[in-house]
Amino acid sequence: MQWINILVQGSLLGGFYALFAIGLSMSFGIMRLVNIAHGDFIVLSAYVGMIAVDATGLNPFLSLIIVMPAMFLLGYALQRGLLNFTLSGGLLPPLLVTFGISVIIQNGLLQGFGAYDHRLKEGAIETASLHLPGGFDVGVFPLLVFAVAVASIGSLQVLFYWTRLGRAFRAVSDDADTAELMGIDNRKLYAVAFGIAMVFTAIAGILFGIRTIFDPAAGPIRLILAFEAVIIGGLGSLWGTLIGGMVLGIAQEIGAALNPNWQILAGHVAFLALLIMRPSGLFPRTRD
Amino acid sequence: MDAAVESVRVERATKASRVFAVLAALALAALISLPWWGDAGDMRLIAEMAYYVALAQLWNLLAGYAGLVSVGQQAYVGLGGYMLFYLTGVWNMNVYAAALIAGPFAGLVAIPVSFAVFRLRGAYFAIGTWVVSEVFALLASLIAVLGAGSGLSLTVPILQEISTHRDTRDAILYLMTLGASLFVTGIVYLLLRSRHGLALTAIRDSEPASASLGVNTFGTKFIIYIATATCTGLIGALIFLQKLRISPEAGFSINDWTVVVIFMVVIGGIGTIEGPFIGMLIFIFLREWLADYGTYYLILLGLIAIVIMLKAPSGIWGWVIQRYDLQLFPVGRRLVLRPLEKAAKR
Amino acid sequence: MTLLLRTRDLSAFYGDFQALFAINVDIEEGETVAVIGANGAGKTTFLRTIAGALPTAPQAVLFAGQPIGGKTAHDIVRLGIAMVPEGRRLFPSLTVEENLLLGTHSERKGPWSLKRVYELFPRLRELRHLPAPSLSGGQQQMAAIGRALMSNPRLLLCDELSLGLAPVVIRDIYQCLGAITAEGTTAVLVEQDINRALDASARFYCFQEGRLALTAPTKNFDRAALTAAYFGL
């Protein structure tokens with residue numbers, strides 16, 4: 001029974017990691033951008049949510065009405081004004097520029113808000129849980145996060161396979177030069193893609209801020225967890241990312257069951273082991 | 001061969017590099033004599049500059065020459081530091097011996113790590129090295145004998161082993177750090193002048209092409225990775241010997257030991273020996289200049305690095321080379337063609 | 001007849017390497033023109049430069065009287081120049097129909113639609129829901145032509161249509177091309193298969209080492225002159 005509990009809790013945790021990873025997976029899948037600042041964008045979203053909640057008195061969930069468009073605009077502007085210029089020169093330019101953004105966000109938040117912990121307060125839902133037959137409890141909030149992750153990936157699937165914009169995303173991901181020759185403005189498309197990726201980052205950030213405390217330095221570990229989910233799942237496959245997140249979550253829960261201090265470590269070790277065994281992940285799609 | 005060319009030579013040293021060698025020797029003499037005329041604060045600052053130059057040279061060797069873009073070098077800084085504290089504190093080892101062992105220990109650990117991360121390419125390699133470093137940090141925070149989450153401190157008896165006088169001890173630590181930094185820069189310089197250096201440049205320019213020409217790309221990269229880890233471990237031991245305390249966050253900090261180091265290299269000029277010096281000076285200058293304003297210097301450093309990467313990707317020194325054809329550390333080989341008419345005039 | 005494409009002193013570079021030297025070409029609306037030349041003569045570079053994939057001076061390329069040199073590739077498609085790239089370059093993760101629909105991203109109105117393309121290439125209609133890589137070479141070439149037509153071009157640039165295809169398939173493709181140009185679309189054909197190209201066109205340009213070596217009508221031209229221009233004898 002304990003093993004079932006570990007599987008359930010780990011899978012739910014995996015939904016959380018998959019949600020962290022969606023924005024990262026999109027920007028890598030479409031423009032091959034390795035966004036080192038991704039974790040900091042998650043944290044920044046939580047701060048923007050906090051500001052919105054403080055200013056308007058909105059419920060944190062409703063603050064998404066403000067945070068999502070704000071992050072879309074930030075993403076669009078960053079891609080158009082900065083990141084597009086990093087995409088033609090190999091690995092180092094995007095890596096260094098997003099490292100720069102990461103340092104700027106972390107220290108900007110530190111200067112603006114101090115090193116203190118913050119949290120978005122949602123109330124009862126944070127601690128509510130469901131009693132399932134078999135005698136174990138499932139938190140309502142983790143369940144909600146998992147549902148949001150599935151719904152997010154589902155909606156992106158609809159976007160990619162049922163819309164004109166999604167078709168252009170897939171074409172550019174396949175062969176950017178030819179897409180340009182067919183009349184697609186890659187730079188503009190990339191900006192829209194990064195904007196959309198940031199909308200999902202905003203959702204991840206708000207749910208993150210409700211679930212745990214956050215501070216300006218909370219980004220990098222979220223980035224690593226997101227990366228692990230993406231890479232375990234296989235680059236460019238969003239459902240793979242969900243499975244990757246669940247593998248990671250289950251590995252962490254197994255580690256935590258053995259010793260509460262081993263949770264994160266067990267996830268890293270599982271990631272490294274999988275990476276060595278299957279360097280292209282469980283469900284690879286993107287060709288690089 | 002063109003008939004108008006009379007003589008062809010391959011040269012390394014240039015006039016500028018010879019002038020620079022003299023100036024550098026003078027500056028070095030000044031730095032070595034610093035303990036006799038500077039105060040403890042000066043020595044601390046120069047020591048810090050010295051170890052940052054060493055870290056920057058090492059990352060430059062890895063990424064700028066061998067094309068191994070690691071963001072996990074803090075793993076070896078932390079390992080070196082922890083090894084020093086562990087050997088001196090738990091095994092009562094002599095502090096110099098411990099510092100000397102810390103480097104090779106990091107190199108030894110790098111061997112199995114390389115088996116794992118070398119299976120990865122590009123961005124995967126970068127993230128893989130970072131995760132390895134996180135694993136080390138988490139392990140350090142779990143192991144009781146390493147002080148778990150709170151880390152370790154150097155005890156007074158260990159420090160007194162170096163010297164019972166504080167001034168003398170400061171001077172010795174300073175000279176050790178300076179020496180280690182010179183040693184590392186020297187190793188990088190000699191490596192680049194060697195056959196391996198040529199192989200590295202070839203690998204950086206085109207790995208498949210150099211492999212087909214018989215360059216052992218894996219072997220060369222492996223040697224560079226292990227050598228870099230060894231030197232990084234040594235520098236890590238000396239960094240924390242100065243700081244007197246180590247914790248998982250401080251030892252394995254990606255921001256302190258990798259991110260700012262990458263910024264230095266990119267700002268100064270990746271793929272040059274001069275670049276890391278320039279980048280380090282800019283970093284220290286910004287930090288000292290903005291010392292009263294919190295961490296704004298890091299924001300500024302990040303901005304400068306972004307602008308340089310996009311507008312002048314070969315960095316400040318790359319720009320100088322393009323503009324003035326100046327090379328202070330003659331690692332390259334220059335083909336000197338003397339035209340016939342000029343030769344005739346002589 | 002109106003002049004549709006004119007290049008004046010068109011040069012193109014790959015880094016420091018100059019691939020084209022002062023090319024002057026005039027193409028009338030409705031013409032089919034062949035560009036021939038040995039490997040590395042600069043034929044593909046010529047097409048890619050016109051299509052905006054390589055930079056050049058603004059006045060070096062005039063399209064319908066407008067200077068378009070150095071405009072981005074996606075803007076040039078919008079003006080009415082479509083490319084059938086060498087090696088087809090269909091998008092592998094898209095279906096055949098999605099590949100065709102991608103041609104509509106240039107937002108140009110005109111006679112071509114999915115329905116018309118399927119009339120021209122009936123086989124594609126049957127295969128429309130298959131992923132592009134599952135098609136045969138000839139079918140892929142049809143899809144690549146169809147994709148270009150979906151942008152309703154005034155000028156169609158075809159790069160090595162016959163590459164890697166069986167002779168009988170090449171014949172079919174060129175037959176369809178004849179149907180397309182018969183409706184008034186101007187076409188530039190880059191080909192290694194000289195006879196095929198000359199059969200399908202009214203005029204040819206022969207490139208040699210990045211320079212224009214010879215231009216003539218394809219009827220009754222001097223074979224010896226072409227051989228000389230082609231091989232640089």
# chains A, B, ... in the order shown; residues from 1 in each chain; ligands from 1
$ interface_residues --of "chain A" --to "chain C" --cutoff "10 Å" --atoms "only C-alpha atoms" --output "PyMOL selection string"
chain A and resi 161+164-165+167-168+170-186+285-286
$ residues_around --residues "Val156 in chain B" --least-positions-apart "6" --cutoff "12 Å" --atoms "only C-alpha atoms" --output "compact mmCIF listing (two decimals) with C-alpha atoms, in the first residue's frame"
# COMPACT_ATOMS: atom_id res chain seq x y z
CA THR B 88 42.93 18.76 7.92
CA GLY B 89 39.99 18.61 10.32
CA ILE B 162 50.75 27.73 8.78
CA SER B 163 52.02 30.35 11.16
CA THR B 164 51.22 31.57 14.62
CA HIS B 165 51.48 35.17 13.48
CA ARG B 166 48.47 36.51 11.72
CA ARG B 169 49.85 33.68 7.82
CA LEU B 244 38.06 29.76 6.57
CA ARG B 245 34.53 28.37 6.26
$ residues_around --residues "Thr218 in chain C" --least-positions-apart "6" --cutoff "7 Å" --atoms "only C-alpha atoms" --output "PyMOL selection string"
chain C and resi 198+201-204
$ interface_residues --of "chain A" --to "chain B" --cutoff "7 Å" --atoms "only C-alpha atoms" --output "PyMOL selection string"
chain A and resi 34+85-86+91+93+97+100+103-104+107+265+268+276+279
$ residues_around --residues "range 46-48 of chain A" --least-positions-apart "3" --cutoff "7 Å" --atoms "only C-alpha atoms" --output "list of chain:residue names"
A:Ile42, A:Val43, A:Ile51, A:Ala52, A:Val67, A:Gly205, A:Ile206, A:Gly209
$ residues_around --residues "range 164-173 of chain C" --least-positions-apart "3" --cutoff "8 Å" --atoms "only C-alpha atoms" --output "MDAnalysis selection string"
chainID C and resid 137:138 141:142 161 176:177
$ write_last_selection --atoms "all heavy atoms" --output "PDB file, in the first residue's frame"
ATOM      1  N   GLY C 137       9.873   9.983 -53.844  1.00  0.00           N
ATOM      2  CA  GLY C 137      10.575  11.191 -54.265  1.00  0.00           C
ATOM      3  C   GLY C 137       9.746  12.047 -55.214  1.00  0.00           C
ATOM      4  O   GLY C 137       9.661  13.264 -55.055  1.00  0.00           O
ATOM      5  N   GLY C 138       9.119  11.378 -56.197  1.00  0.00           N
ATOM      6  CA  GLY C 138       8.319  12.117 -57.160  1.00  0.00           C
ATOM      7  C   GLY C 138       7.117  12.780 -56.513  1.00  0.00           C
ATOM      8  O   GLY C 138       6.797  13.942 -56.794  1.00  0.00           O
ATOM      9  N   GLN C 141       8.189  15.747 -54.672  1.00  0.00           N
ATOM     10  CA  GLN C 141       8.459  16.884 -55.557  1.00  0.00           C
ATOM     11  C   GLN C 141       7.148  17.570 -55.944  1.00  0.00           C
ATOM     12  O   GLN C 141       7.077  18.799 -55.985  1.00  0.00           O
ATOM     13  CB  GLN C 141       9.208  16.392 -56.800  1.00  0.00           C
ATOM     14  CG  GLN C 141       9.775  17.495 -57.661  1.00  0.00           C
ATOM     15  CD  GLN C 141      10.767  18.362 -56.922  1.00  0.00           C
ATOM     16  OE1 GLN C 141      10.392  19.308 -56.236  1.00  0.00           O
ATOM     17  NE2 GLN C 141      12.043  18.037 -57.020  1.00  0.00           N
ATOM     18  N   MET C 142       6.118  16.758 -56.180  1.00  0.00           N
ATOM     19  CA  MET C 142       4.807  17.343 -56.487  1.00  0.00           C
ATOM     20  C   MET C 142       4.315  18.194 -55.316  1.00  0.00           C
ATOM     21  O   MET C 142       3.815  19.310 -55.499  1.00  0.00           O
ATOM     22  CB  MET C 142       3.778  16.234 -56.756  1.00  0.00           C
ATOM     23  CG  MET C 142       4.039  15.462 -58.031  1.00  0.00           C
ATOM     24  SD  MET C 142       2.878  14.075 -58.145  1.00  0.00           S
ATOM     25  CE  MET C 142       3.639  13.130 -59.457  1.00  0.00           C
ATOM     26  N   LEU C 161      14.528  20.224 -60.097  1.00  0.00           N
ATOM     27  CA  LEU C 161      13.317  19.407 -59.975  1.00  0.00           C
ATOM     28  C   LEU C 161      13.594  17.938 -60.229  1.00  0.00           C
ATOM     29  O   LEU C 161      12.939  17.062 -59.678  1.00  0.00           O
ATOM     30  CB  LEU C 161      12.266  19.887 -60.986  1.00  0.00           C
ATOM     31  CG  LEU C 161      11.622  21.245 -60.732  1.00  0.00           C
ATOM     32  CD1 LEU C 161      10.568  21.517 -61.783  1.00  0.00           C
ATOM     33  CD2 LEU C 161      11.008  21.292 -59.347  1.00  0.00           C
ATOM     34  N   CYS C 176       3.510  18.589 -65.759  1.00  0.00           N
ATOM     35  CA  CYS C 176       2.719  19.428 -64.858  1.00  0.00           C
ATOM     36  C   CYS C 176       3.251  20.853 -64.853  1.00  0.00           C
ATOM     37  O   CYS C 176       2.475  21.818 -64.821  1.00  0.00           O
ATOM     38  CB  CYS C 176       2.738  18.872 -63.442  1.00  0.00           C
ATOM     39  SG  CYS C 176       1.864  17.315 -63.317  1.00  0.00           S
ATOM     40  N   LEU C 177       4.569  20.977 -64.891  1.00  0.00           N
ATOM     41  CA  LEU C 177       5.163  22.309 -64.902  1.00  0.00           C
ATOM     42  C   LEU C 177       4.699  23.072 -66.135  1.00  0.00           C
ATOM     43  O   LEU C 177       4.382  24.268 -66.068  1.00  0.00           O
ATOM     44  CB  LEU C 177       6.691  22.192 -64.874  1.00  0.00           C
ATOM     45  CG  LEU C 177       7.412  23.519 -64.700  1.00  0.00           C
ATOM     46  CD1 LEU C 177       7.238  24.025 -63.282  1.00  0.00           C
ATOM     47  CD2 LEU C 177       8.888  23.376 -65.042  1.00  0.00           C
TER      48      LEU C 177
END
$ residues_around --residues "Thr230 in chain B" --least-positions-apart "4" --cutoff "9 Å" --atoms "only C-alpha atoms" --output "PyMOL selection string"
chain B and resi 76+80+102-108+110+225-226+234-235
$ residues_around --residues "Asp215 in chain A" --least-positions-apart "3" --cutoff "10 Å" --atoms "only C-alpha atoms" --output "ChimeraX atom specification"
/A:43-44,46-47,106,109-110,113-119,209,218-219
$ write_last_selection --atoms "C-alpha atoms" --output "PDB file, in the first residue's frame"
ATOM      1  CA  VAL A  43       9.835  32.976  -9.667  1.00  0.00           C
ATOM      2  CA  LEU A  44       9.317  36.356 -11.332  1.00  0.00           C
ATOM      3  CA  ALA A  46       5.142  34.512  -8.530  1.00  0.00           C
ATOM      4  CA  TYR A  47       6.411  37.984  -7.575  1.00  0.00           C
ATOM      5  CA  GLN A 106      17.633  37.257  -9.310  1.00  0.00           C
ATOM      6  CA  LEU A 109      14.246  40.819  -7.135  1.00  0.00           C
ATOM      7  CA  LEU A 110      16.800  40.769  -4.341  1.00  0.00           C
ATOM      8  CA  PHE A 113      12.052  42.760  -2.399  1.00  0.00           C
ATOM      9  CA  GLY A 114      14.931  41.618  -0.198  1.00  0.00           C
ATOM     10  CA  ALA A 115      16.004  38.056   0.437  1.00  0.00           C
ATOM     11  CA  TYR A 116      12.859  37.217   2.448  1.00  0.00           C
ATOM     12  CA  ASP A 117      10.489  34.368   1.800  1.00  0.00           C
ATOM     13  CA  HIS A 118       7.133  35.167   0.291  1.00  0.00           C
ATOM     14  CA  ARG A 119       4.045  33.142  -0.342  1.00  0.00           C
ATOM     15  CA  GLY A 209       3.849  30.566  -5.201  1.00  0.00           C
ATOM     16  CA  ALA A 218      14.438  30.005  -5.877  1.00  0.00           C
ATOM     17  CA  GLY A 219      14.723  29.906  -9.666  1.00  0.00           C
TER      18      GLY A 219
END
$ select_by_dssp --residues "range 9-228 of chain C" --states "strand (DSSP E)" --output "VMD selection string"
chain C and resid 9 to 14 17 to 28 32 to 37 61 to 63 66 to 67 81 to 84 155 to 159 186 to 191 203 to 208 211 to 217
$ closest_residue --among "B:Val53, B:Leu79, B:Ile187, B:Leu178" --to "Ser253 in chain B" --atoms "only C-alpha atoms"
B:Leu79
